[in-house]
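Peer 1: To start, I am sharing the structure in question, which I have written as structure tokens.
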Amino acid sequence: MSTEPIVLVIELDLTPRQAWAAFAEDFARWWPVRTHSLSRDAATRCELEPRDGGLVTELAPDGTTHRWGEILAVEPGQRIRFSWHPGREPDSAQWVDVRFVAQGDGCRATLTHGGWEALGEIAPILRAEYVPGWQQVFAGVFAAFASRRH
């Protein structure tokens, strides 16, 4: 099984700045908490703080905060990169890099999820599970949210 990075590309009818803002600044508005959170509860809130050193967190209805990752790089309107370890310890973190590039009247958004080696022997299994997950979350939920934002 492969542990190469997962790469997904979508095209949006937004400028790179608008698409970046929809992804990073509106993360809590579009992230599908019922299907992609530790608590799987509609009252959950997943947040991304789009600044250097900001956190990616899940705020559960019982008040528990789960740390999913940390912002590693921010280039407003162009790119955001963060560590990723929902439900696991930080030493097992992979990385997610999302870039936004102008294309015609819109932009191309590319999500790359790599760093699988941090997971050791379970990396290929988890990677295989993340492929359809990112397709649903990024190419499905986020793309639909971004298109409504336009």
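Convention: chains lettered A, B, ... in structure tokens order; per-chain residue numbering from 1; ligands numbered from 1 as shown.
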If we count only C-alpha atoms, what is near Arg81 (chain A) at a cut-off of 6 Å, once residues fewer than 3 positions away on the same chain are taken out, given as a PyMOL selection string?
Peer 2: chain A and resi 72-73+96-97
Peer 1: Can you write just those residues out, all heavy atoms, as a short mmCIF file (atom, residue, chain, number, x, y, z; two decimals), in the first residue's frame?
Peer 2:
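Wrote it out as result.cif, contents follow:
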```
data_model
loop_
_atom_site.label_atom_id
_atom_site.label_comp_id
_atom_site.auth_asym_id
_atom_site.auth_seq_id
_atom_site.Cartn_x
_atom_site.Cartn_y
_atom_site.Cartn_z
N LEU A 72 1.45 25.64 10.44
CA LEU A 72 2.90 25.63 10.16
C LEU A 72 3.32 26.75 9.22
O LEU A 72 4.45 27.21 9.28
CB LEU A 72 3.30 24.27 9.57
CG LEU A 72 2.95 23.04 10.41
CD1 LEU A 72 3.23 21.77 9.63
CD2 LEU A 72 3.71 23.08 11.73
N ALA A 73 2.42 27.15 8.32
CA ALA A 73 2.73 28.23 7.37
C ALA A 73 1.42 28.87 6.92
O ALA A 73 0.43 28.18 6.69
CB ALA A 73 3.48 27.68 6.16
N VAL A 96 -0.82 18.80 6.28
CA VAL A 96 -1.77 19.11 5.22
C VAL A 96 -1.40 20.48 4.69
O VAL A 96 -1.20 21.41 5.45
CB VAL A 96 -3.23 19.10 5.74
CG1 VAL A 96 -4.20 19.53 4.65
CG2 VAL A 96 -3.60 17.73 6.30
N ASP A 97 -1.27 20.57 3.37
CA ASP A 97 -0.90 21.82 2.71
C ASP A 97 -1.99 22.13 1.68
O ASP A 97 -2.30 21.27 0.84
CB ASP A 97 0.45 21.64 2.01
CG ASP A 97 1.01 22.96 1.54
OD1 ASP A 97 1.67 23.64 2.33
OD2 ASP A 97 0.79 23.30 0.35
#
```
Peer 1: Find the nearest atom pair between each residue of region 70-143 of chain A and region 1-11 of chain A for residues within 6 Å, count only C-alpha atoms, give distances in Å to one decimal, sort rows by chain and ascending number, and present the table as JSON lines.
Peer 2:
```
{"residue": "A:Cys107", "atom": "CA", "partner": "A:Glu11", "partner_atom": "CA", "distance": 5.8}
{"residue": "A:Arg108", "atom": "CA", "partner": "A:Glu11", "partner_atom": "CA", "distance": 4.6}
{"residue": "A:Ala109", "atom": "CA", "partner": "A:Ile10", "partner_atom": "CA", "distance": 5.3}
{"residue": "A:Thr110", "atom": "CA", "partner": "A:Val9", "partner_atom": "CA", "distance": 4.4}
{"residue": "A:Leu111", "atom": "CA", "partner": "A:Leu8", "partner_atom": "CA", "distance": 5.2}
{"residue": "A:Thr112", "atom": "CA", "partner": "A:Val7", "partner_atom": "CA", "distance": 4.5}
{"residue": "A:His113", "atom": "CA", "partner": "A:Ile6", "partner_atom": "CA", "distance": 5.1}
{"residue": "A:Gly114", "atom": "CA", "partner": "A:Pro5", "partner_atom": "CA", "distance": 4.2}
{"residue": "A:Trp116", "atom": "CA", "partner": "A:Thr3", "partner_atom": "CA", "distance": 5.9}
{"residue": "A:Pro124", "atom": "CA", "partner": "A:Met1", "partner_atom": "CA", "distance": 5.4}
```
Peer 1: Grab the residues selected above and save them as a compact mmCIF listing (two decimals), in the first residue's frame with C-alpha atoms.
Peer 2:
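Saved the output as part32.txt:
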```txt
# COMPACT_ATOMS: atom_id res chain seq x y z
CA CYS A 107 -8.70 29.38 -9.01
CA ARG A 108 -7.34 25.91 -8.58
CA ALA A 109 -7.20 24.67 -4.99
CA THR A 110 -4.84 21.79 -4.22
CA LEU A 111 -4.89 19.86 -0.96
CA THR A 112 -1.85 17.68 -0.27
CA HIS A 113 -1.78 15.40 2.80
CA GLY A 114 1.61 13.83 3.49
CA TRP A 116 2.56 9.44 6.63
CA PRO A 124 -0.83 2.72 4.62
```
Peer 1: Tell me which of A:Asp52, A:Glu47, A:Glu121, A:Asp13 sits closest to Arg79 (chain A), counting only C-alpha atoms.
Peer 2: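 Distance minimum relative to Arg79 (chain A) lands on A:Asp52.
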Peer 1: Rank A:Gly115, A:Gly106, A:Trp68, A:Ala28 by their smallest atom-to-atom distance to Ser147 (chain A), using only C-alpha atoms, and report the top residue only.
Peer 2: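 So, comparing all the options, the nearest one is A:Gly106.
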Peer 1: Measuring atom to atom with only C-alpha atoms, identify which of A:Gln78, A:Gln136, A:Ser83, A:Ser39 is nearest to Trp20 (chain A).
Peer 2: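 Looking at the shortest contact to Trp20 (chain A), the residue is A:Gln78.
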Peer 1: DSSP says strand (DSSP E) for which residues of chain A? Put them as a ChimeraX atom specification?
Peer 2: /A:6-12,45-48,55-59,65-75,79-84,94-103,106-114
Peer 1: Which residues of region 11-42 of chain A have any atom within 12 Å of an atom in region 139-142 of chain A when counting only C-alpha atoms, and what is the closest pair of atoms for each, with the distance in Å to one decimal? Order the rows by chain and rising number and write it as JSON lines.
Peer 2:
```
{"residue": "A:Glu11", "atom": "CA", "partner": "A:Ala139", "partner_atom": "CA", "distance": 9.2}
{"residue": "A:Leu12", "atom": "CA", "partner": "A:Phe142", "partner_atom": "CA", "distance": 10.3}
{"residue": "A:Ala19", "atom": "CA", "partner": "A:Phe142", "partner_atom": "CA", "distance": 9.7}
{"residue": "A:Trp20", "atom": "CA", "partner": "A:Phe142", "partner_atom": "CA", "distance": 11.1}
{"residue": "A:Ala21", "atom": "CA", "partner": "A:Phe142", "partner_atom": "CA", "distance": 11.7}
{"residue": "A:Ala22", "atom": "CA", "partner": "A:Phe142", "partner_atom": "CA", "distance": 8.3}
{"residue": "A:Phe23", "atom": "CA", "partner": "A:Phe142", "partner_atom": "CA", "distance": 7.2}
{"residue": "A:Ala24", "atom": "CA", "partner": "A:Phe142", "partner_atom": "CA", "distance": 10.7}
{"residue": "A:Asp26", "atom": "CA", "partner": "A:Phe142", "partner_atom": "CA", "distance": 10.0}
{"residue": "A:Phe27", "atom": "CA", "partner": "A:Phe142", "partner_atom": "CA", "distance": 8.8}
{"residue": "A:Ala28", "atom": "CA", "partner": "A:Phe142", "partner_atom": "CA", "distance": 11.1}
{"residue": "A:Arg29", "atom": "CA", "partner": "A:Phe142", "partner_atom": "CA", "distance": 9.8}
{"residue": "A:Trp30", "atom": "CA", "partner": "A:Phe142", "partner_atom": "CA", "distance": 6.3}
{"residue": "A:Trp31", "atom": "CA", "partner": "A:Phe142", "partner_atom": "CA", "distance": 7.5}
{"residue": "A:Pro32", "atom": "CA", "partner": "A:Val141", "partner_atom": "CA", "distance": 7.3}
{"residue": "A:Val33", "atom": "CA", "partner": "A:Val141", "partner_atom": "CA", "distance": 11.1}
{"residue": "A:Thr35", "atom": "CA", "partner": "A:Val141", "partner_atom": "CA", "distance": 11.1}
{"residue": "A:His36", "atom": "CA", "partner": "A:Val141", "partner_atom": "CA", "distance": 11.1}
```
Peer 1: Kindly indicate which residue among A:Leu38, A:Leu14, A:Val74, A:Ala102 lies nearest to Pro50 (chain A), using only C-alpha atoms for the distances.
Peer 2: A:Val74
Peer 1: Calculated over only C-alpha atoms, which of the candidates A:Leu126, A:Trp134, A:Pro16, A:Phe82 has the smallest distance to Asp105 (chain A)?
Peer 2: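 With only C-alpha atoms as the atom set, the closest residue is A:Pro16.
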Peer 1: Can you check which residues of region 3-148 of chain A DSSP gives as alpha helix (DSSP H) on the backbone and send them as a PDB file with all heavy atoms, in the first residue's frame?
Peer 2:
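Printed below is part_16.pdb as written:
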```pdb
ATOM      1  N   PRO A  16      -8.192  33.374  -5.724  1.00  0.00           N
ATOM      2  CA  PRO A  16      -7.432  32.655  -4.699  1.00  0.00           C
ATOM      3  C   PRO A  16      -7.668  33.224  -3.297  1.00  0.00           C
ATOM      4  O   PRO A  16      -7.800  32.473  -2.332  1.00  0.00           O
ATOM      5  CB  PRO A  16      -5.979  32.828  -5.144  1.00  0.00           C
ATOM      6  CG  PRO A  16      -6.063  32.952  -6.621  1.00  0.00           C
ATOM      7  CD  PRO A  16      -7.327  33.753  -6.852  1.00  0.00           C
ATOM      8  N   ARG A  17      -7.744  34.543  -3.164  1.00  0.00           N
ATOM      9  CA  ARG A  17      -7.970  35.168  -1.853  1.00  0.00           C
ATOM     10  C   ARG A  17      -9.324  34.759  -1.274  1.00  0.00           C
ATOM     11  O   ARG A  17      -9.444  34.445  -0.100  1.00  0.00           O
ATOM     12  CB  ARG A  17      -7.867  36.689  -1.970  1.00  0.00           C
ATOM     13  CG  ARG A  17      -8.192  37.431  -0.681  1.00  0.00           C
ATOM     14  CD  ARG A  17      -7.110  37.208   0.380  1.00  0.00           C
ATOM     15  NE  ARG A  17      -7.436  37.893   1.605  1.00  0.00           N
ATOM     16  CZ  ARG A  17      -7.610  37.308   2.778  1.00  0.00           C
ATOM     17  NH1 ARG A  17      -7.466  36.008   2.906  1.00  0.00           N
ATOM     18  NH2 ARG A  17      -7.905  38.001   3.843  1.00  0.00           N
ATOM     19  N   GLN A  18     -10.361  34.779  -2.125  1.00  0.00           N
ATOM     20  CA  GLN A  18     -11.697  34.391  -1.661  1.00  0.00           C
ATOM     21  C   GLN A  18     -11.733  32.917  -1.251  1.00  0.00           C
ATOM     22  O   GLN A  18     -12.332  32.560  -0.235  1.00  0.00           O
ATOM     23  CB  GLN A  18     -12.737  34.634  -2.755  1.00  0.00           C
ATOM     24  CG  GLN A  18     -13.009  36.083  -3.052  1.00  0.00           C
ATOM     25  CD  GLN A  18     -13.845  36.254  -4.308  1.00  0.00           C
ATOM     26  OE1 GLN A  18     -13.679  35.526  -5.285  1.00  0.00           O
ATOM     27  NE2 GLN A  18     -14.747  37.222  -4.282  1.00  0.00           N
ATOM     28  N   ALA A  19     -11.100  32.067  -2.045  1.00  0.00           N
ATOM     29  CA  ALA A  19     -11.088  30.628  -1.751  1.00  0.00           C
ATOM     30  C   ALA A  19     -10.292  30.351  -0.477  1.00  0.00           C
ATOM     31  O   ALA A  19     -10.701  29.538   0.358  1.00  0.00           O
ATOM     32  CB  ALA A  19     -10.506  29.856  -2.927  1.00  0.00           C
ATOM     33  N   TRP A  20      -9.150  31.026  -0.317  1.00  0.00           N
ATOM     34  CA  TRP A  20      -8.344  30.868   0.893  1.00  0.00           C
ATOM     35  C   TRP A  20      -9.159  31.270   2.125  1.00  0.00           C
ATOM     36  O   TRP A  20      -9.174  30.570   3.138  1.00  0.00           O
ATOM     37  CB  TRP A  20      -7.074  31.714   0.797  1.00  0.00           C
ATOM     38  CG  TRP A  20      -6.131  31.521   1.938  1.00  0.00           C
ATOM     39  CD1 TRP A  20      -5.105  30.626   2.005  1.00  0.00           C
ATOM     40  CD2 TRP A  20      -6.134  32.225   3.185  1.00  0.00           C
ATOM     41  NE1 TRP A  20      -4.462  30.735   3.226  1.00  0.00           N
ATOM     42  CE2 TRP A  20      -5.080  31.707   3.967  1.00  0.00           C
ATOM     43  CE3 TRP A  20      -6.913  33.243   3.726  1.00  0.00           C
ATOM     44  CZ2 TRP A  20      -4.792  32.159   5.247  1.00  0.00           C
ATOM     45  CZ3 TRP A  20      -6.633  33.702   5.012  1.00  0.00           C
ATOM     46  CH2 TRP A  20      -5.578  33.162   5.752  1.00  0.00           C
ATOM     47  N   PHE A  27     -13.438  28.014   8.266  1.00  0.00           N
ATOM     48  CA  PHE A  27     -13.298  26.583   8.550  1.00  0.00           C
ATOM     49  C   PHE A  27     -14.413  26.065   9.466  1.00  0.00           C
ATOM     50  O   PHE A  27     -15.014  25.022   9.202  1.00  0.00           O
ATOM     51  CB  PHE A  27     -11.926  26.336   9.185  1.00  0.00           C
ATOM     52  CG  PHE A  27     -11.542  24.897   9.336  1.00  0.00           C
ATOM     53  CD1 PHE A  27     -10.977  24.194   8.289  1.00  0.00           C
ATOM     54  CD2 PHE A  27     -11.720  24.241  10.553  1.00  0.00           C
ATOM     55  CE1 PHE A  27     -10.596  22.866   8.433  1.00  0.00           C
ATOM     56  CE2 PHE A  27     -11.347  22.917  10.711  1.00  0.00           C
ATOM     57  CZ  PHE A  27     -10.789  22.224   9.646  1.00  0.00           C
ATOM     58  N   ALA A  28     -14.714  26.792  10.514  1.00  0.00           N
ATOM     59  CA  ALA A  28     -15.740  26.364  11.476  1.00  0.00           C
ATOM     60  C   ALA A  28     -17.130  26.325  10.849  1.00  0.00           C
ATOM     61  O   ALA A  28     -18.003  25.591  11.323  1.00  0.00           O
ATOM     62  CB  ALA A  28     -15.747  27.287  12.695  1.00  0.00           C
ATOM     63  N   ARG A  29     -17.338  27.092   9.791  1.00  0.00           N
ATOM     64  CA  ARG A  29     -18.659  27.133   9.141  1.00  0.00           C
ATOM     65  C   ARG A  29     -18.877  25.977   8.181  1.00  0.00           C
ATOM     66  O   ARG A  29     -20.015  25.589   7.931  1.00  0.00           O
ATOM     67  CB  ARG A  29     -18.829  28.457   8.400  1.00  0.00           C
ATOM     68  CG  ARG A  29     -18.931  29.634   9.366  1.00  0.00           C
ATOM     69  CD  ARG A  29     -19.156  30.943   8.664  1.00  0.00           C
ATOM     70  NE  ARG A  29     -20.318  30.885   7.791  1.00  0.00           N
ATOM     71  CZ  ARG A  29     -20.428  31.580   6.668  1.00  0.00           C
ATOM     72  NH1 ARG A  29     -19.464  32.379   6.282  1.00  0.00           N
ATOM     73  NH2 ARG A  29     -21.505  31.480   5.930  1.00  0.00           N
ATOM     74  N   TRP A  30     -17.802  25.416   7.620  1.00  0.00           N
ATOM     75  CA  TRP A  30     -18.009  24.372   6.612  1.00  0.00           C
ATOM     76  C   TRP A  30     -17.558  22.983   7.044  1.00  0.00           C
ATOM     77  O   TRP A  30     -17.980  21.986   6.450  1.00  0.00           O
ATOM     78  CB  TRP A  30     -17.339  24.758   5.285  1.00  0.00           C
ATOM     79  CG  TRP A  30     -15.848  24.806   5.293  1.00  0.00           C
ATOM     80  CD1 TRP A  30     -15.070  25.910   5.483  1.00  0.00           C
ATOM     81  CD2 TRP A  30     -14.943  23.714   5.098  1.00  0.00           C
ATOM     82  NE1 TRP A  30     -13.744  25.565   5.420  1.00  0.00           N
ATOM     83  CE2 TRP A  30     -13.641  24.224   5.174  1.00  0.00           C
ATOM     84  CE3 TRP A  30     -15.119  22.354   4.848  1.00  0.00           C
ATOM     85  CZ2 TRP A  30     -12.506  23.437   5.029  1.00  0.00           C
ATOM     86  CZ3 TRP A  30     -13.992  21.549   4.695  1.00  0.00           C
ATOM     87  CH2 TRP A  30     -12.705  22.096   4.787  1.00  0.00           C
ATOM     88  N   ALA A 123       0.496   3.477   8.732  1.00  0.00           N
ATOM     89  CA  ALA A 123       0.379   4.564   7.750  1.00  0.00           C
ATOM     90  C   ALA A 123      -0.403   4.172   6.496  1.00  0.00           C
ATOM     91  O   ALA A 123      -1.313   4.899   6.098  1.00  0.00           O
ATOM     92  CB  ALA A 123       1.763   5.098   7.383  1.00  0.00           C
ATOM     93  N   PRO A 124      -0.088   3.048   5.838  1.00  0.00           N
ATOM     94  CA  PRO A 124      -0.833   2.721   4.620  1.00  0.00           C
ATOM     95  C   PRO A 124      -2.331   2.510   4.864  1.00  0.00           C
ATOM     96  O   PRO A 124      -3.152   2.870   4.022  1.00  0.00           O
ATOM     97  CB  PRO A 124      -0.174   1.427   4.125  1.00  0.00           C
ATOM     98  CG  PRO A 124       1.175   1.411   4.767  1.00  0.00           C
ATOM     99  CD  PRO A 124       1.001   2.101   6.083  1.00  0.00           C
ATOM    100  N   ILE A 125      -2.674   1.969   6.020  1.00  0.00           N
ATOM    101  CA  ILE A 125      -4.084   1.723   6.332  1.00  0.00           C
ATOM    102  C   ILE A 125      -4.814   3.050   6.530  1.00  0.00           C
ATOM    103  O   ILE A 125      -5.879   3.278   5.957  1.00  0.00           O
ATOM    104  CB  ILE A 125      -4.209   0.844   7.595  1.00  0.00           C
ATOM    105  CG1 ILE A 125      -3.590  -0.532   7.331  1.00  0.00           C
ATOM    106  CG2 ILE A 125      -5.661   0.729   8.062  1.00  0.00           C
ATOM    107  CD1 ILE A 125      -3.302  -1.339   8.562  1.00  0.00           C
ATOM    108  N   LEU A 126      -4.231   3.939   7.326  1.00  0.00           N
ATOM    109  CA  LEU A 126      -4.869   5.237   7.563  1.00  0.00           C
ATOM    110  C   LEU A 126      -4.906   6.087   6.303  1.00  0.00           C
ATOM    111  O   LEU A 126      -5.897   6.770   6.041  1.00  0.00           O
ATOM    112  CB  LEU A 126      -4.178   5.984   8.699  1.00  0.00           C
ATOM    113  CG  LEU A 126      -4.486   5.435  10.093  1.00  0.00           C
ATOM    114  CD1 LEU A 126      -3.740   6.232  11.155  1.00  0.00           C
ATOM    115  CD2 LEU A 126      -5.972   5.463  10.380  1.00  0.00           C
ATOM    116  N   ARG A 127      -3.845   6.034   5.511  1.00  0.00           N
ATOM    117  CA  ARG A 127      -3.837   6.784   4.256  1.00  0.00           C
ATOM    118  C   ARG A 127      -4.991   6.348   3.369  1.00  0.00           C
ATOM    119  O   ARG A 127      -5.704   7.153   2.788  1.00  0.00           O
ATOM    120  CB  ARG A 127      -2.516   6.617   3.515  1.00  0.00           C
ATOM    121  CG  ARG A 127      -2.456   7.470   2.252  1.00  0.00           C
ATOM    122  CD  ARG A 127      -1.333   7.027   1.327  1.00  0.00           C
ATOM    123  NE  ARG A 127      -1.310   7.834   0.128  1.00  0.00           N
ATOM    124  CZ  ARG A 127      -2.116   7.646  -0.931  1.00  0.00           C
ATOM    125  NH1 ARG A 127      -3.025   6.690  -0.919  1.00  0.00           N
ATOM    126  NH2 ARG A 127      -2.027   8.435  -1.984  1.00  0.00           N
ATOM    127  N   ALA A 128      -5.205   5.029   3.265  1.00  0.00           N
ATOM    128  CA  ALA A 128      -6.290   4.489   2.440  1.00  0.00           C
ATOM    129  C   ALA A 128      -7.653   4.984   2.937  1.00  0.00           C
ATOM    130  O   ALA A 128      -8.560   5.231   2.136  1.00  0.00           O
ATOM    131  CB  ALA A 128      -6.246   2.967   2.425  1.00  0.00           C
ATOM    132  N   GLU A 129      -7.802   5.157   4.248  1.00  0.00           N
ATOM    133  CA  GLU A 129      -9.053   5.665   4.803  1.00  0.00           C
ATOM    134  C   GLU A 129      -9.227   7.155   4.542  1.00  0.00           C
ATOM    135  O   GLU A 129     -10.344   7.640   4.388  1.00  0.00           O
ATOM    136  CB  GLU A 129      -9.113   5.392   6.305  1.00  0.00           C
ATOM    137  CG  GLU A 129      -9.225   3.922   6.635  1.00  0.00           C
ATOM    138  CD  GLU A 129      -9.164   3.637   8.130  1.00  0.00           C
ATOM    139  OE1 GLU A 129      -9.108   4.602   8.933  1.00  0.00           O
ATOM    140  OE2 GLU A 129      -9.172   2.448   8.484  1.00  0.00           O
ATOM    141  N   TYR A 130      -8.116   7.893   4.485  1.00  0.00           N
ATOM    142  CA  TYR A 130      -8.180   9.333   4.267  1.00  0.00           C
ATOM    143  C   TYR A 130      -8.507   9.702   2.816  1.00  0.00           C
ATOM    144  O   TYR A 130      -9.051  10.779   2.573  1.00  0.00           O
ATOM    145  CB  TYR A 130      -6.872  10.017   4.686  1.00  0.00           C
ATOM    146  CG  TYR A 130      -6.908  10.545   6.088  1.00  0.00           C
ATOM    147  CD1 TYR A 130      -6.314   9.852   7.138  1.00  0.00           C
ATOM    148  CD2 TYR A 130      -7.540  11.753   6.378  1.00  0.00           C
ATOM    149  CE1 TYR A 130      -6.345  10.338   8.430  1.00  0.00           C
ATOM    150  CE2 TYR A 130      -7.574  12.249   7.671  1.00  0.00           C
ATOM    151  CZ  TYR A 130      -6.979  11.537   8.696  1.00  0.00           C
ATOM    152  OH  TYR A 130      -7.020  12.030   9.970  1.00  0.00           O
ATOM    153  N   VAL A 131      -8.199   8.847   1.864  1.00  0.00           N
ATOM    154  CA  VAL A 131      -8.477   9.193   0.460  1.00  0.00           C
ATOM    155  C   VAL A 131      -9.962   9.523   0.264  1.00  0.00           C
ATOM    156  O   VAL A 131     -10.298  10.625  -0.182  1.00  0.00           O
ATOM    157  CB  VAL A 131      -7.982   8.102  -0.514  1.00  0.00           C
ATOM    158  CG1 VAL A 131      -8.473   8.374  -1.922  1.00  0.00           C
ATOM    159  CG2 VAL A 131      -6.459   8.006  -0.488  1.00  0.00           C
ATOM    160  N   PRO A 132     -10.896   8.623   0.591  1.00  0.00           N
ATOM    161  CA  PRO A 132     -12.308   8.989   0.419  1.00  0.00           C
ATOM    162  C   PRO A 132     -12.754  10.075   1.395  1.00  0.00           C
ATOM    163  O   PRO A 132     -13.655  10.863   1.077  1.00  0.00           O
ATOM    164  CB  PRO A 132     -13.062   7.678   0.663  1.00  0.00           C
ATOM    165  CG  PRO A 132     -12.131   6.825   1.460  1.00  0.00           C
ATOM    166  CD  PRO A 132     -10.737   7.236   1.046  1.00  0.00           C
ATOM    167  N   GLY A 133     -12.111  10.140   2.566  1.00  0.00           N
ATOM    168  CA  GLY A 133     -12.467  11.182   3.530  1.00  0.00           C
ATOM    169  C   GLY A 133     -12.192  12.571   2.991  1.00  0.00           C
ATOM    170  O   GLY A 133     -13.055  13.450   3.050  1.00  0.00           O
ATOM    171  N   TRP A 134     -10.987  12.777   2.448  1.00  0.00           N
ATOM    172  CA  TRP A 134     -10.663  14.087   1.880  1.00  0.00           C
ATOM    173  C   TRP A 134     -11.484  14.360   0.628  1.00  0.00           C
ATOM    174  O   TRP A 134     -11.836  15.513   0.359  1.00  0.00           O
ATOM    175  CB  TRP A 134      -9.174  14.213   1.578  1.00  0.00           C
ATOM    176  CG  TRP A 134      -8.331  14.545   2.770  1.00  0.00           C
ATOM    177  CD1 TRP A 134      -7.248  13.846   3.233  1.00  0.00           C
ATOM    178  CD2 TRP A 134      -8.461  15.665   3.663  1.00  0.00           C
ATOM    179  NE1 TRP A 134      -6.716  14.453   4.346  1.00  0.00           N
ATOM    180  CE2 TRP A 134      -7.446  15.577   4.630  1.00  0.00           C
ATOM    181  CE3 TRP A 134      -9.354  16.731   3.735  1.00  0.00           C
ATOM    182  CZ2 TRP A 134      -7.286  16.506   5.659  1.00  0.00           C
ATOM    183  CZ3 TRP A 134      -9.207  17.670   4.760  1.00  0.00           C
ATOM    184  CH2 TRP A 134      -8.184  17.548   5.699  1.00  0.00           C
ATOM    185  N   ALA A 143     -15.898  22.406  -1.375  1.00  0.00           N
ATOM    186  CA  ALA A 143     -16.179  22.949  -2.713  1.00  0.00           C
ATOM    187  C   ALA A 143     -17.609  23.489  -2.794  1.00  0.00           C
ATOM    188  O   ALA A 143     -17.834  24.561  -3.356  1.00  0.00           O
ATOM    189  CB  ALA A 143     -15.939  21.891  -3.789  1.00  0.00           C
ATOM    190  N   ALA A 144     -18.556  22.781  -2.207  1.00  0.00           N
ATOM    191  CA  ALA A 144     -19.960  23.237  -2.215  1.00  0.00           C
ATOM    192  C   ALA A 144     -20.106  24.519  -1.386  1.00  0.00           C
ATOM    193  O   ALA A 144     -20.773  25.458  -1.799  1.00  0.00           O
ATOM    194  CB  ALA A 144     -20.875  22.147  -1.694  1.00  0.00           C
ATOM    195  N   PHE A 145     -19.462  24.545  -0.216  1.00  0.00           N
ATOM    196  CA  PHE A 145     -19.513  25.739   0.638  1.00  0.00           C
ATOM    197  C   PHE A 145     -18.911  26.941  -0.108  1.00  0.00           C
ATOM    198  O   PHE A 145     -19.495  28.027  -0.124  1.00  0.00           O
ATOM    199  CB  PHE A 145     -18.756  25.501   1.955  1.00  0.00           C
ATOM    200  CG  PHE A 145     -18.625  26.731   2.790  1.00  0.00           C
ATOM    201  CD1 PHE A 145     -19.672  27.153   3.590  1.00  0.00           C
ATOM    202  CD2 PHE A 145     -17.461  27.488   2.764  1.00  0.00           C
ATOM    203  CE1 PHE A 145     -19.551  28.305   4.371  1.00  0.00           C
ATOM    204  CE2 PHE A 145     -17.327  28.634   3.526  1.00  0.00           C
ATOM    205  CZ  PHE A 145     -18.380  29.046   4.333  1.00  0.00           C
ATOM    206  N   ALA A 146     -17.746  26.748  -0.699  1.00  0.00           N
ATOM    207  CA  ALA A 146     -17.068  27.838  -1.398  1.00  0.00           C
ATOM    208  C   ALA A 146     -17.916  28.348  -2.559  1.00  0.00           C
ATOM    209  O   ALA A 146     -17.976  29.561  -2.792  1.00  0.00           O
ATOM    210  CB  ALA A 146     -15.695  27.376  -1.879  1.00  0.00           C
ATOM    211  N   SER A 147     -18.589  27.453  -3.273  1.00  0.00           N
ATOM    212  CA  SER A 147     -19.392  27.891  -4.415  1.00  0.00           C
ATOM    213  C   SER A 147     -20.612  28.684  -3.953  1.00  0.00           C
ATOM    214  O   SER A 147     -21.045  29.601  -4.643  1.00  0.00           O
ATOM    215  CB  SER A 147     -19.807  26.707  -5.291  1.00  0.00           C
ATOM    216  OG  SER A 147     -20.763  25.905  -4.623  1.00  0.00           O
ATOM    217  N   ARG A 148     -21.157  28.364  -2.791  1.00  0.00           N
ATOM    218  CA  ARG A 148     -22.291  29.128  -2.248  1.00  0.00           C
ATOM    219  C   ARG A 148     -21.843  30.489  -1.742  1.00  0.00           C
ATOM    220  O   ARG A 148     -22.609  31.435  -1.705  1.00  0.00           O
ATOM    221  CB  ARG A 148     -22.968  28.362  -1.108  1.00  0.00           C
ATOM    222  CG  ARG A 148     -23.769  27.171  -1.547  1.00  0.00           C
ATOM    223  CD  ARG A 148     -24.617  26.616  -0.416  1.00  0.00           C
ATOM    224  NE  ARG A 148     -23.868  26.313   0.777  1.00  0.00           N
ATOM    225  CZ  ARG A 148     -23.271  25.149   1.030  1.00  0.00           C
ATOM    226  NH1 ARG A 148     -23.307  24.181   0.131  1.00  0.00           N
ATOM    227  NH2 ARG A 148     -22.613  24.955   2.162  1.00  0.00           N
TER     228      ARG A 148
END
```
Peer 1: Restricting the calculation to only C-alpha atoms, which member of A:Glu117, A:Asp41, A:Gln135, A:Pro76 is positioned closest to Gln94 (chain A)?
Peer 2: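 For Gln94 (chain A), the nearest of the given residues is A:Glu117.
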Peer 1: What is the CA of Ala60 (chain A) to CA of Thr44 (chain A) distance in Å?
Peer 2: 4.8 Å
